[in-house]
file structure07.json (JSON, C-alpha atoms)
[["chain", "number", "residue", "atom", "x", "y", "z"],
["V", 998, "MET", "CA", 0.00, 0.00, 0.00],
["V", 999, "ILE", "CA", 2.85, 2.36, 0.78],
["V", 1000, "ARG", "CA", 4.38, 1.77, -2.67],
["V", 1001, "ILE", "CA", 1.06, 2.46, -4.41],
["V", 1002, "ALA", "CA", 0.49, 5.68, -2.43],
["V", 1003, "LEU", "CA", 4.05, 6.82, -3.11],
["V", 1004, "ALA", "CA", 3.65, 6.15, -6.84],
["V", 1005, "ALA", "CA", 0.38, 8.12, -6.95],
["V", 1006, "PHE", "CA", 1.98, 11.03, -5.10],
["V", 1007, "LEU", "CA", 4.94, 11.16, -7.55],
["V", 1008, "ALA", "CA", 2.60, 11.02, -10.58],
["V", 1009, "ALA", "CA", 0.52, 13.90, -9.29],
["V", 1010, "LEU", "CA", 3.65, 15.95, -8.56],
["V", 1011, "LEU", "CA", 4.99, 15.31, -12.09],
["V", 1012, "ALA", "CA", 1.66, 16.35, -13.65],
["V", 1013, "GLN", "CA", 1.62, 19.58, -11.65],
["V", 1014, "VAL", "CA", 5.16, 20.51, -12.75],
["V", 1015, "THR", "CA", 4.45, 19.63, -16.39],
["V", 1016, "PHE", "CA", 1.14, 21.47, -16.65],
["V", 1017, "GLY", "CA", 2.50, 24.42, -14.66],
["V", 1018, "ALA", "CA", 5.26, 24.87, -17.23],
["V", 1019, "ALA", "CA", 2.77, 24.55, -20.06],
["V", 1020, "PHE", "CA", 0.52, 27.19, -18.49],
["V", 1021, "GLU", "CA", 3.43, 29.61, -18.18],
["V", 1022, "GLN", "CA", 4.34, 29.14, -21.87],
["V", 1023, "ILE", "CA", 0.76, 29.74, -23.02],
["V", 1024, "ALA", "CA", 0.45, 32.81, -20.78],
["V", 1025, "GLN", "CA", 3.67, 34.15, -22.32],
["V", 1026, "ALA", "CA", 2.33, 33.59, -25.85],
["V", 1027, "SER", "CA", -0.95, 35.25, -24.90],
["V", 1028, "ALA", "CA", 0.78, 38.38, -23.59],
["V", 1029, "SER", "CA", 2.89, 38.74, -26.74],
["V", 1030, "THR", "CA", -0.14, 38.50, -29.04],
["V", 1031, "GLY", "CA", -2.51, 40.67, -27.01],
["V", 1032, "GLY", "CA", -4.88, 37.81, -26.27],
["V", 1033, "PHE", "CA", -7.49, 37.63, -23.57],
["V", 1034, "GLY", "CA", -7.03, 35.32, -20.58],
["V", 1035, "PRO", "CA", -4.56, 32.43, -20.94],
["V", 1036, "PHE", "CA", -5.08, 32.06, -24.72],
["V", 1037, "GLY", "CA", -3.99, 34.44, -27.46],
["V", 1038, "ARG", "CA", -6.62, 36.08, -29.67],
["V", 1039, "GLY", "CA", -6.64, 34.54, -33.11],
["V", 1040, "ARG", "CA", -4.85, 31.38, -31.95],
["V", 1041, "PRO", "CA", -6.65, 28.04, -31.62],
["V", 1042, "ALA", "CA", -7.71, 27.38, -28.05],
["V", 1043, "PRO", "CA", -6.49, 24.10, -26.47],
["V", 1044, "THR", "CA", -8.92, 21.22, -26.24],
["V", 1045, "SER", "CA", -11.39, 21.25, -23.38],
["V", 1046, "ALA", "CA", -9.52, 18.37, -21.71],
["V", 1047, "THR", "CA", -6.26, 20.30, -21.74],
["V", 1048, "ALA", "CA", -8.01, 23.44, -20.49],
["V", 1049, "GLU", "CA", -9.55, 21.47, -17.65],
["V", 1050, "ALA", "CA", -6.15, 19.96, -16.74],
["V", 1051, "LEU", "CA", -4.54, 23.43, -16.77],
["V", 1052, "ALA", "CA", -7.27, 24.81, -14.52],
["V", 1053, "ILE", "CA", -6.69, 21.98, -12.04],
["V", 1054, "ALA", "CA", -2.89, 21.80, -12.15],
["V", 1055, "ALA", "CA", -1.96, 25.47, -12.40],
["V", 1056, "PRO", "CA", -0.98, 27.02, -9.06],
["V", 1057, "VAL", "CA", -3.44, 29.69, -7.84],
["V", 1058, "SER", "CA", -1.80, 33.05, -7.05],
["V", 1059, "THR", "CA", -2.92, 36.66, -6.73],
["V", 1060, "ALA", "CA", 0.59, 37.94, -7.49],
["V", 1061, "PRO", "CA", 1.22, 39.26, -11.01],
["V", 1062, "SER", "CA", 2.86, 36.81, -13.36],
["V", 1063, "ARG", "CA", 6.62, 37.26, -13.58],
["V", 1064, "VAL", "CA", 6.55, 36.38, -17.28],
["V", 1065, "LEU", "CA", 3.70, 38.80, -18.13],
["V", 1066, "SER", "CA", 5.42, 41.65, -16.31],
["V", 1067, "ALA", "CA", 8.64, 41.04, -18.22],
["V", 1068, "ILE", "CA", 6.78, 41.22, -21.55],
["V", 1069, "SER", "CA", 4.49, 44.17, -20.86],
["V", 1070, "ASP", "CA", 7.15, 46.36, -19.26],
["V", 1071, "PRO", "CA", 10.20, 46.41, -21.57],
["V", 1072, "SER", "CA", 13.32, 48.19, -20.46],
["V", 1073, "PRO", "CA", 13.56, 51.89, -21.43],
["V", 1074, "SER", "CA", 16.41, 51.06, -23.79],
["V", 1075, "ALA", "CA", 14.26, 48.74, -25.90],
["V", 1076, "PRO", "CA", 13.72, 50.09, -29.44],
["V", 1077, "SER", "CA", 10.29, 51.63, -30.18],
["V", 1078, "MET", "CA", 8.12, 49.40, -32.32],
["V", 1079, "ILE", "CA", 6.61, 52.16, -34.49],
["V", 1080, "PRO", "CA", 5.57, 50.87, -37.93],
["V", 1081, "VAL", "CA", 7.29, 52.51, -40.89],
["V", 1082, "PRO", "CA", 4.67, 54.12, -43.18],
["V", 1083, "SER", "CA", 4.56, 53.09, -46.80],
["V", 1084, "ALA", "CA", 5.38, 55.52, -49.61],
["V", 1085, "ALA", "CA", 1.68, 55.90, -50.35],
["V", 1086, "GLU", "CA", 1.01, 56.86, -46.73],
["V", 1087, "VAL", "CA", 3.84, 59.41, -46.73],
["V", 1088, "SER", "CA", 2.53, 61.22, -49.81],
["V", 1089, "ALA", "CA", -1.23, 61.45, -50.17],
["V", 1090, "CYS", "CA", -0.87, 63.75, -53.22],
["V", 1091, "PRO", "CA", 0.58, 63.25, -56.72],
["V", 1092, "LYS", "CA", 4.18, 64.39, -57.12],
["V", 1093, "ASP", "CA", 3.17, 67.61, -58.93],
["V", 1094, "MET", "CA", 0.88, 68.62, -56.06],
["V", 1095, "VAL", "CA", 1.31, 69.50, -52.40],
["V", 1096, "MET", "CA", -0.79, 68.64, -49.36],
["V", 1097, "VAL", "CA", -2.68, 71.45, -47.66],
["V", 1098, "GLU", "CA", -4.10, 70.60, -44.25],
["V", 1099, "GLY", "CA", -5.05, 72.67, -41.24],
["V", 1100, "GLU", "CA", -7.62, 75.03, -39.78],
["V", 1101, "TYR", "CA", -8.92, 77.59, -42.27],
["V", 1102, "CYS", "CA", -10.53, 80.84, -41.11],
["V", 1103, "THR", "CA", -13.73, 81.71, -42.96],
["V", 1104, "GLU", "CA", -13.43, 85.46, -42.37],
["V", 1105, "VAL", "CA", -10.27, 87.44, -41.63],
["V", 1106, "ALA", "CA", -9.55, 90.96, -40.39],
["V", 1107, "GLN", "CA", -6.36, 92.40, -41.91],
["V", 1108, "ILE", "CA", -5.42, 96.02, -41.17],
["V", 1109, "CYS", "CA", -3.00, 97.90, -43.39],
["V", 1110, "ALA", "CA", -0.36, 99.84, -41.48],
["V", 1111, "ARG", "CA", 1.13, 101.60, -44.51],
["V", 1112, "TRP", "CA", -0.31, 102.09, -47.99],
["V", 1113, "LEU", "CA", 1.52, 102.34, -51.32],
["V", 1114, "ASP", "CA", -1.52, 103.81, -53.09],
["V", 1115, "ASP", "CA", -4.56, 105.88, -52.23],
["V", 1116, "GLU", "CA", -6.41, 103.44, -49.99],
["V", 1117, "THR", "CA", -9.76, 104.43, -51.49],
["V", 1118, "LEU", "CA", -8.81, 102.98, -54.88],
["V", 1119, "PRO", "CA", -10.35, 99.56, -55.61],
["V", 1120, "PHE", "CA", -6.97, 97.98, -56.34],
["V", 1121, "ALA", "CA", -4.91, 99.85, -53.75],
["V", 1122, "ARG", "CA", -1.72, 98.16, -52.65],
["V", 1123, "CYS", "CA", -0.73, 97.86, -49.01],
["V", 1124, "ALA", "CA", 2.98, 98.05, -48.19],
["V", 1125, "GLU", "CA", 2.69, 96.48, -44.74],
["V", 1126, "TYR", "CA", -0.03, 94.87, -42.66],
["V", 1127, "HIS", "CA", -0.31, 94.67, -38.90],
["V", 1128, "SER", "CA", 0.68, 91.22, -37.69],
["V", 1129, "PRO", "CA", -0.94, 88.95, -36.76],
["V", 1130, "SER", "CA", -4.16, 88.82, -38.75],
["V", 1131, "ARG", "CA", -7.32, 88.21, -36.73],
["V", 1132, "CYS", "CA", -9.84, 85.46, -37.40],
["V", 1133, "ILE", "CA", -13.34, 86.93, -37.03],
["V", 1134, "GLY", "CA", -15.11, 83.98, -38.63],
["V", 1135, "SER", "CA", -14.90, 80.32, -37.72],
["V", 1136, "ARG", "CA", -12.13, 77.78, -38.11],
["V", 1137, "VAL", "CA", -12.85, 74.93, -40.52],
["V", 1138, "HIS", "CA", -10.58, 71.92, -41.04],
["V", 1139, "GLN", "CA", -9.37, 71.49, -44.61],
["V", 1140, "ARG", "CA", -7.33, 68.75, -46.25],
["V", 1141, "PHE", "CA", -6.71, 68.64, -50.01],
["V", 1142, "CYS", "CA", -4.05, 68.60, -52.72],
["V", 1143, "ILE", "CA", -3.17, 71.56, -54.94],
["V", 1144, "ASP", "CA", -0.82, 72.01, -57.89],
["V", 1145, "ARG", "CA", 2.58, 73.22, -56.80],
["V", 1146, "TYR", "CA", 2.87, 75.42, -59.92],
["V", 1147, "GLU", "CA", 0.51, 77.04, -62.41],
["V", 1148, "TYR", "CA", -0.29, 74.55, -65.16],
["V", 1149, "THR", "CA", 2.31, 74.45, -67.93],
["V", 1150, "VAL", "CA", 1.91, 72.28, -71.03],
["V", 1151, "HIS", "CA", 4.62, 69.62, -71.20],
["V", 1152, "GLY", "CA", 7.54, 70.93, -73.26],
["V", 1153, "GLU", "CA", 6.51, 74.59, -72.91],
["V", 1154, "ASP", "CA", 8.37, 77.22, -70.87],
["V", 1155, "LEU", "CA", 5.50, 79.45, -69.77],
["V", 1156, "PRO", "CA", 2.25, 78.64, -67.95],
["V", 1157, "LEU", "CA", -0.79, 78.07, -70.16],
["V", 1158, "ASN", "CA", -2.86, 81.24, -70.67],
["V", 1159, "TYR", "CA", -6.16, 82.32, -72.24],
["V", 1160, "GLN", "CA", -7.91, 79.96, -69.84],
["V", 1161, "SER", "CA", -11.50, 80.71, -68.89],
["V", 1162, "PHE", "CA", -13.32, 79.19, -65.93],
["V", 1163, "THR", "CA", -14.94, 76.64, -68.24],
["V", 1164, "LYS", "CA", -11.66, 75.80, -69.99],
["V", 1165, "SER", "CA", -9.82, 75.41, -66.68],
["V", 1166, "ASN", "CA", -12.58, 73.18, -65.36],
["V", 1167, "ALA", "CA", -12.35, 70.93, -68.43],
["V", 1168, "LEU", "CA", -8.55, 70.84, -68.24],
["V", 1169, "CYS", "CA", -8.46, 69.90, -64.57],
["V", 1170, "THR", "CA", -11.07, 67.19, -65.16],
["V", 1171, "SER", "CA", -9.02, 65.73, -68.02],
["V", 1172, "LEU", "CA", -6.04, 65.50, -65.64],
["V", 1173, "GLY", "CA", -8.08, 63.61, -63.04],
["V", 1174, "LYS", "CA", -8.30, 66.72, -60.86],
["V", 1175, "ARG", "CA", -10.79, 69.55, -60.34],
["V", 1176, "LEU", "CA", -10.90, 73.31, -59.94],
["V", 1177, "CYS", "CA", -10.04, 74.62, -56.48],
["V", 1178, "THR", "CA", -12.78, 76.21, -54.44],
["V", 1179, "GLU", "CA", -12.21, 79.79, -53.37],
["V", 1180, "SER", "CA", -11.67, 78.80, -49.72],
["V", 1181, "GLU", "CA", -9.16, 76.11, -50.70],
["V", 1182, "TRP", "CA", -7.23, 78.58, -52.80],
["V", 1183, "ASN", "CA", -7.26, 81.14, -49.97],
["V", 1184, "PHE", "CA", -5.93, 78.63, -47.46],
["V", 1185, "ALA", "CA", -3.20, 77.31, -49.76],
["V", 1186, "CYS", "CA", -2.05, 80.91, -50.24],
["V", 1187, "GLU", "CA", -2.21, 82.33, -46.71],
["V", 1188, "GLY", "CA", -1.83, 79.33, -44.37],
["V", 1189, "GLU", "CA", -3.06, 79.22, -40.79],
["V", 1190, "GLU", "CA", -1.30, 82.55, -40.11],
["V", 1191, "MET", "CA", -3.76, 84.18, -42.53],
["V", 1192, "ARG", "CA", -0.95, 86.03, -44.30],
["V", 1193, "PRO", "CA", -2.06, 88.84, -46.62],
["V", 1194, "TYR", "CA", 0.68, 87.85, -49.05],
["V", 1195, "PRO", "CA", 1.78, 84.24, -49.51],
["V", 1196, "TYR", "CA", 5.28, 85.13, -48.29],
["V", 1197, "GLY", "CA", 4.28, 87.31, -45.31],
["V", 1198, "PHE", "CA", 2.79, 90.58, -44.05],
["V", 1199, "THR", "CA", 4.99, 93.05, -45.95],
["V", 1200, "ARG", "CA", 4.75, 93.53, -49.70],
["V", 1201, "GLU", "CA", 8.09, 92.58, -51.25],
["V", 1202, "PRO", "CA", 9.34, 92.17, -54.85],
["V", 1203, "LYS", "CA", 9.28, 88.38, -54.62],
["V", 1204, "CYS", "CA", 6.58, 87.72, -57.20],
["V", 1205, "ASN", "CA", 5.97, 88.72, -60.82],
["V", 1206, "GLN", "CA", 3.92, 91.84, -60.06],
["V", 1207, "ASP", "CA", 4.01, 95.66, -59.93],
["V", 1208, "ARG", "CA", 5.28, 95.99, -63.51],
["V", 1209, "ASP", "CA", 4.67, 99.23, -65.42],
["V", 1210, "ASP", "CA", 5.56, 97.91, -68.89],
["V", 1211, "LEU", "CA", 2.08, 96.53, -69.43],
["V", 1212, "TYR", "CA", 1.52, 97.29, -73.13],
["V", 1213, "GLU", "CA", 3.13, 96.52, -76.45],
["V", 1214, "VAL", "CA", 4.41, 99.44, -78.47],
["V", 1215, "ASN", "CA", 1.52, 100.05, -80.86],
["V", 1216, "PRO", "CA", 0.54, 103.49, -82.21],
["V", 1217, "HIS", "CA", -3.04, 102.43, -82.99],
["V", 1218, "ARG", "CA", -4.34, 100.72, -79.87],
["V", 1219, "GLN", "CA", -3.28, 99.35, -76.53],
["V", 1220, "ILE", "CA", -2.31, 95.68, -76.63],
["V", 1221, "LEU", "CA", -1.48, 93.97, -73.37],
["V", 1222, "ALA", "CA", 2.08, 92.65, -73.41],
["V", 1223, "ASP", "CA", 2.81, 89.07, -72.45],
["V", 1224, "ARG", "CA", 4.86, 89.30, -69.25],
["V", 1225, "ARG", "CA", 4.38, 85.73, -68.04],
["V", 1226, "GLU", "CA", 7.33, 84.04, -66.36],
["V", 1227, "ARG", "CA", 8.22, 80.41, -65.88],
["V", 1228, "ALA", "CA", 6.32, 78.79, -63.04],
["V", 1229, "ASP", "CA", 9.58, 78.16, -61.16],
["V", 1230, "ALA", "CA", 11.19, 81.54, -61.92],
["V", 1231, "ARG", "CA", 10.50, 83.06, -58.47],
["V", 1232, "PRO", "CA", 11.48, 80.59, -55.71],
["V", 1233, "GLU", "CA", 10.71, 83.17, -53.00],
["V", 1234, "CYS", "CA", 7.16, 83.67, -54.23],
["V", 1235, "VAL", "CA", 5.91, 80.72, -52.20],
["V", 1236, "SER", "CA", 3.14, 80.11, -49.68],
["V", 1237, "PRO", "CA", 3.46, 78.48, -46.25],
["V", 1238, "PHE", "CA", 2.45, 75.14, -47.81],
["V", 1239, "GLY", "CA", 5.00, 75.34, -50.62],
["V", 1240, "VAL", "CA", 2.71, 76.55, -53.43],
["V", 1241, "TYR", "CA", 4.32, 78.94, -55.93],
["V", 1242, "ASP", "CA", 3.10, 82.08, -57.73],
["V", 1243, "MET", "CA", -0.12, 82.52, -55.79],
["V", 1244, "ALA", "CA", 0.45, 86.26, -56.09],
["V", 1245, "GLY", "CA", 1.24, 87.76, -59.47],
["V", 1246, "ASN", "CA", 2.20, 86.06, -62.74],
["V", 1247, "MET", "CA", -1.28, 84.71, -63.61],
["V", 1248, "ASP", "CA", -4.89, 85.09, -62.58],
["V", 1249, "GLU", "CA", -6.35, 81.69, -61.64],
["V", 1250, "SER", "CA", -9.99, 80.61, -61.84],
["V", 1251, "VAL", "CA", -11.66, 79.14, -58.76],
["V", 1252, "LEU", "CA", -15.14, 77.90, -57.95],
["V", 1253, "ARG", "CA", -17.09, 80.24, -55.68],
["V", 1254, "GLU", "CA", -18.96, 78.39, -52.95],
["V", 1255, "GLY", "CA", -22.52, 78.85, -51.80],
["V", 1256, "PRO", "CA", -25.86, 79.00, -53.62],
["V", 1257, "GLU", "CA", -25.61, 82.78, -53.97],
["V", 1258, "HIS", "CA", -22.78, 82.29, -56.50],
["V", 1259, "ILE", "CA", -24.57, 79.92, -58.88],
["V", 1260, "GLU", "CA", -26.18, 82.68, -60.97],
["V", 1261, "PRO", "CA", -25.27, 84.39, -63.20],
["V", 1262, "PHE", "CA", -21.81, 82.78, -62.98],
["V", 1263, "ARG", "CA", -19.75, 80.76, -60.51],
["V", 1264, "ASN", "CA", -16.16, 81.86, -61.02],
["V", 1265, "ALA", "CA", -13.66, 84.16, -59.37],
["V", 1266, "LEU", "CA", -10.14, 85.07, -60.44],
["V", 1267, "LYS", "CA", -7.51, 84.82, -57.71],
["V", 1268, "GLY", "CA", -3.93, 85.95, -57.19],
["V", 1269, "GLY", "CA", -3.65, 88.79, -59.67],
["V", 1270, "TRP", "CA", -1.16, 89.03, -62.50],
["V", 1271, "TRP", "CA", 1.88, 91.15, -63.32],
["V", 1272, "MET", "CA", 0.13, 94.53, -63.14],
["V", 1273, "PRO", "CA", 0.50, 96.80, -60.04],
["V", 1274, "ALA", "CA", -2.64, 95.69, -58.19],
["V", 1275, "ARG", "CA", -3.58, 94.04, -54.90],
["V", 1276, "ASN", "CA", -1.97, 90.66, -55.64],
["V", 1277, "ARG", "CA", -2.93, 89.22, -52.25],
["V", 1278, "CYS", "CA", -4.45, 85.98, -51.01],
["V", 1279, "ARG", "CA", -8.00, 87.04, -50.09],
["V", 1280, "PRO", "CA", -9.12, 89.47, -52.83],
["V", 1281, "ALA", "CA", -10.91, 88.12, -55.91],
["V", 1282, "THR", "CA", -12.05, 89.52, -59.25],
["V", 1283, "THR", "CA", -15.70, 88.55, -59.68],
["V", 1284, "ALA", "CA", -16.88, 90.78, -62.55],
["V", 1285, "HIS", "CA", -16.27, 88.30, -65.39],
["V", 1286, "ASP", "CA", -18.52, 85.52, -66.67],
["V", 1287, "ASP", "CA", -17.50, 81.86, -66.81],
["V", 1288, "PHE", "CA", -16.24, 82.18, -70.40],
["V", 1289, "TYR", "CA", -13.95, 85.18, -69.96],
["V", 1290, "ASN", "CA", -10.34, 84.55, -70.95],
["V", 1291, "ASP", "CA", -7.33, 86.70, -71.72],
["V", 1292, "ILE", "CA", -3.57, 86.69, -71.95],
["V", 1293, "GLN", "CA", -3.11, 86.77, -68.17],
["V", 1294, "VAL", "CA", -5.57, 84.01, -67.10],
["V", 1295, "GLY", "CA", -4.09, 80.60, -66.28],
["V", 1296, "THR", "CA", -5.01, 77.38, -64.49],
["V", 1297, "ARG", "CA", -4.21, 75.68, -61.20],
["V", 1298, "CYS", "CA", -6.00, 72.51, -60.10],
["V", 1299, "CYS", "CA", -6.90, 70.83, -56.83],
["V", 1300, "SER", "CA", -7.93, 67.31, -55.85],
["V", 1301, "SER", "CA", -9.09, 65.49, -52.78],
["V", 1302, "SER", "CA", -6.32, 63.81, -50.76],
["V", 1303, "THR", "CA", -6.24, 60.05, -50.39]]
call {"tool": "encode", "arguments": {"input": "structure07.json", "output": "structure tokens"}}
result
Amino acid sequence: MIRIALAAFLAALLAQVTFGAAFEQIAQASASTGGFGPFGRGRPAPTSATAEALAIAAPVSTAPSRVLSAISDPSPSAPSMIPVPSAAEVSACPKDMVMVEGEYCTEVAQICARWLDDETLPFARCAEYHSPSRCIGSRVHQRFCIDRYEYTVHGEDLPLNYQSFTKSNALCTSLGKRLCTESEWNFACEGEEMRPYPYGFTREPKCNQDRDDLYEVNPHRQILADRRERADARPECVSPFGVYDMAGNMDESVLREGPEHIEPFRNALKGGWWMPARNRCRPATTAHDDFYNDIQVGTRCCSSST
């Protein structure tokens, strides 16, 4: 009888040691895979017989598992397991466009500290604005892609001109893009600082503007001279988001938002061209119909980000 009892005791002790080790291994696997309880999520659970044996043989303790603590609390020197984003995740816009994202102000107060022209003139130029601008509207989150440069036909040196609102719309659509809305264009030009000029608060000769040689030499009538420049000719004429020539060089058609702008036409011209005019981010020319085009009107497109 003593031998039988001793044999039973040794068998039970061996089972406890074996199942205890198995339980610790499964608990370790569960912690590393984020599973619930003793079994990892997404892994096959052990058979009911094995689960029952583990429940019986495993030692009961209220102390935290030594193995789980070691896994869940790595040393400070352990490398961070941050996933590396793919190329598609890094750039949500095509290579010829830039991402614009942030909080856009619907209505801005900008006060001129020093004028270049008579401030009562409709196209008066301001030499310097008080900084910062003040948002008197609401902030609206925007995220979209916009062309880095004014559209230039492949192989040409100068941006495409004689583009009406309807022509620009058709061109952008053919490129898999769309016309920018007026608020998108504003934001891409001024940034969250609400800059009057894309490059800052003081008017500087950084863009193709303020020229006085506007006309061809012609004794019979005035003919507007072509003073376009290459889209990359003025590297300092750049907005906070990295968009070029948003002041001067070319007027650009945008879609005016709101039902009040559906009739009689929907367009506005933004940015100004090479003449000495406002050439700022917020102002718009709204007197032309959707078919107006001229030597100074170009195209810039937008698209939704991915």
call {"tool": "residues_near_point", "arguments": {"input": "structure07.json", "point": "(-0.5, 94.8, -42.0)", "cutoff": "8 Å", "atoms": "all atoms listed in the file", "output": "JSON list (two decimals) with C-alpha atoms, in the frame of the given file"}}
result
[["chain", "number", "residue", "atom", "x", "y", "z"],
["V", 1107, "GLN", "CA", -6.36, 92.40, -41.91],
["V", 1108, "ILE", "CA", -5.42, 96.02, -41.17],
["V", 1109, "CYS", "CA", -3.00, 97.90, -43.39],
["V", 1110, "ALA", "CA", -0.36, 99.84, -41.48],
["V", 1111, "ARG", "CA", 1.13, 101.60, -44.51],
["V", 1123, "CYS", "CA", -0.73, 97.86, -49.01],
["V", 1124, "ALA", "CA", 2.98, 98.05, -48.19],
["V", 1125, "GLU", "CA", 2.69, 96.48, -44.74],
["V", 1126, "TYR", "CA", -0.03, 94.87, -42.66],
["V", 1127, "HIS", "CA", -0.31, 94.67, -38.90],
["V", 1128, "SER", "CA", 0.68, 91.22, -37.69],
["V", 1129, "PRO", "CA", -0.94, 88.95, -36.76],
["V", 1130, "SER", "CA", -4.16, 88.82, -38.75],
["V", 1193, "PRO", "CA", -2.06, 88.84, -46.62],
["V", 1198, "PHE", "CA", 2.79, 90.58, -44.05],
["V", 1199, "THR", "CA", 4.99, 93.05, -45.95]]
call {"tool": "atom_distance", "arguments": {"input": "structure07.json", "atom1": "atom CA of V:Pro1091", "atom2": "atom CA of V:Cys1142"}}
result
8.1 Å
call {"tool": "closest_residue", "arguments": {"input": "structure07.json", "among": "V:Arg1140, V:Arg1218, V:Arg1192, V:Arg1122", "to": "V:Cys1278", "atoms": "only C-alpha atoms"}}
result
V:Arg1192
call {"tool": "residues_around", "arguments": {"input": "structure07.json", "residues": "V:Arg1145", "least_positions_apart": "6", "cutoff": "6 Å", "atoms": "only C-alpha atoms", "output": "list in words"}}
result
Met1094, Val1095 and Val1240 of chain V
call {"tool": "closest_residue", "arguments": {"input": "structure07.json", "among": "V:Ile1143, V:Val1137, V:Ala1121, V:Cys1102", "to": "V:Cys1299", "atoms": "only C-alpha atoms"}}
result
V:Ile1143
call {"tool": "build_atoms", "arguments": {"input": "structure07.json", "residues": "stretch 1232-1247 of chain V", "atoms": "N, CA and C atoms", "output": "PDB file, in the coordinates of the input"}}
result
ATOM      1  N   PRO V1232      11.523  81.544 -56.825  1.00  0.00           N
ATOM      2  CA  PRO V1232      11.480  80.590 -55.710  1.00  0.00           C
ATOM      3  C   PRO V1232      11.047  81.194 -54.382  1.00  0.00           C
ATOM      4  N   GLU V1233      11.138  82.536 -54.245  1.00  0.00           N
ATOM      5  CA  GLU V1233      10.710  83.170 -53.000  1.00  0.00           C
ATOM      6  C   GLU V1233       9.224  83.521 -52.998  1.00  0.00           C
ATOM      7  N   CYS V1234       8.588  83.398 -54.145  1.00  0.00           N
ATOM      8  CA  CYS V1234       7.160  83.670 -54.230  1.00  0.00           C
ATOM      9  C   CYS V1234       6.410  82.377 -53.901  1.00  0.00           C
ATOM     10  N   VAL V1235       6.419  82.028 -52.627  1.00  0.00           N
ATOM     11  CA  VAL V1235       5.910  80.720 -52.200  1.00  0.00           C
ATOM     12  C   VAL V1235       5.080  80.871 -50.934  1.00  0.00           C
ATOM     13  N   SER V1236       4.052  80.063 -50.832  1.00  0.00           N
ATOM     14  CA  SER V1236       3.140  80.110 -49.680  1.00  0.00           C
ATOM     15  C   SER V1236       3.656  79.240 -48.545  1.00  0.00           C
ATOM     16  N   PRO V1237       3.022  79.313 -47.368  1.00  0.00           N
ATOM     17  CA  PRO V1237       3.460  78.480 -46.250  1.00  0.00           C
ATOM     18  C   PRO V1237       3.414  76.979 -46.540  1.00  0.00           C
ATOM     19  N   PHE V1238       2.567  76.563 -47.483  1.00  0.00           N
ATOM     20  CA  PHE V1238       2.450  75.140 -47.810  1.00  0.00           C
ATOM     21  C   PHE V1238       3.362  74.718 -48.959  1.00  0.00           C
ATOM     22  N   GLY V1239       4.105  75.680 -49.526  1.00  0.00           N
ATOM     23  CA  GLY V1239       5.000  75.340 -50.620  1.00  0.00           C
ATOM     24  C   GLY V1239       4.359  75.429 -51.985  1.00  0.00           C
ATOM     25  N   VAL V1240       3.381  76.336 -52.141  1.00  0.00           N
ATOM     26  CA  VAL V1240       2.710  76.550 -53.430  1.00  0.00           C
ATOM     27  C   VAL V1240       3.247  77.853 -54.020  1.00  0.00           C
ATOM     28  N   TYR V1241       3.614  77.822 -55.317  1.00  0.00           N
ATOM     29  CA  TYR V1241       4.320  78.940 -55.930  1.00  0.00           C
ATOM     30  C   TYR V1241       3.387  79.818 -56.779  1.00  0.00           C
ATOM     31  N   ASP V1242       3.771  81.098 -56.868  1.00  0.00           N
ATOM     32  CA  ASP V1242       3.100  82.080 -57.730  1.00  0.00           C
ATOM     33  C   ASP V1242       1.616  82.225 -57.418  1.00  0.00           C
ATOM     34  N   MET V1243       1.260  82.274 -56.146  1.00  0.00           N
ATOM     35  CA  MET V1243      -0.120  82.520 -55.790  1.00  0.00           C
ATOM     36  C   MET V1243      -0.410  84.017 -55.686  1.00  0.00           C
ATOM     37  N   ALA V1244       0.601  84.819 -55.898  1.00  0.00           N
ATOM     38  CA  ALA V1244       0.450  86.260 -56.090  1.00  0.00           C
ATOM     39  C   ALA V1244       1.222  86.607 -57.358  1.00  0.00           C
ATOM     40  N   GLY V1245       0.570  87.368 -58.246  1.00  0.00           N
ATOM     41  CA  GLY V1245       1.240  87.760 -59.470  1.00  0.00           C
ATOM     42  C   GLY V1245       1.326  86.637 -60.492  1.00  0.00           C
ATOM     43  N   ASN V1246       1.958  86.942 -61.597  1.00  0.00           N
ATOM     44  CA  ASN V1246       2.200  86.060 -62.740  1.00  0.00           C
ATOM     45  C   ASN V1246       0.937  85.748 -63.526  1.00  0.00           C
ATOM     46  N   MET V1247      -0.047  85.062 -62.902  1.00  0.00           N
ATOM     47  CA  MET V1247      -1.280  84.710 -63.610  1.00  0.00           C
ATOM     48  C   MET V1247      -2.483  84.826 -62.681  1.00  0.00           C
TER      49      MET V1247
END
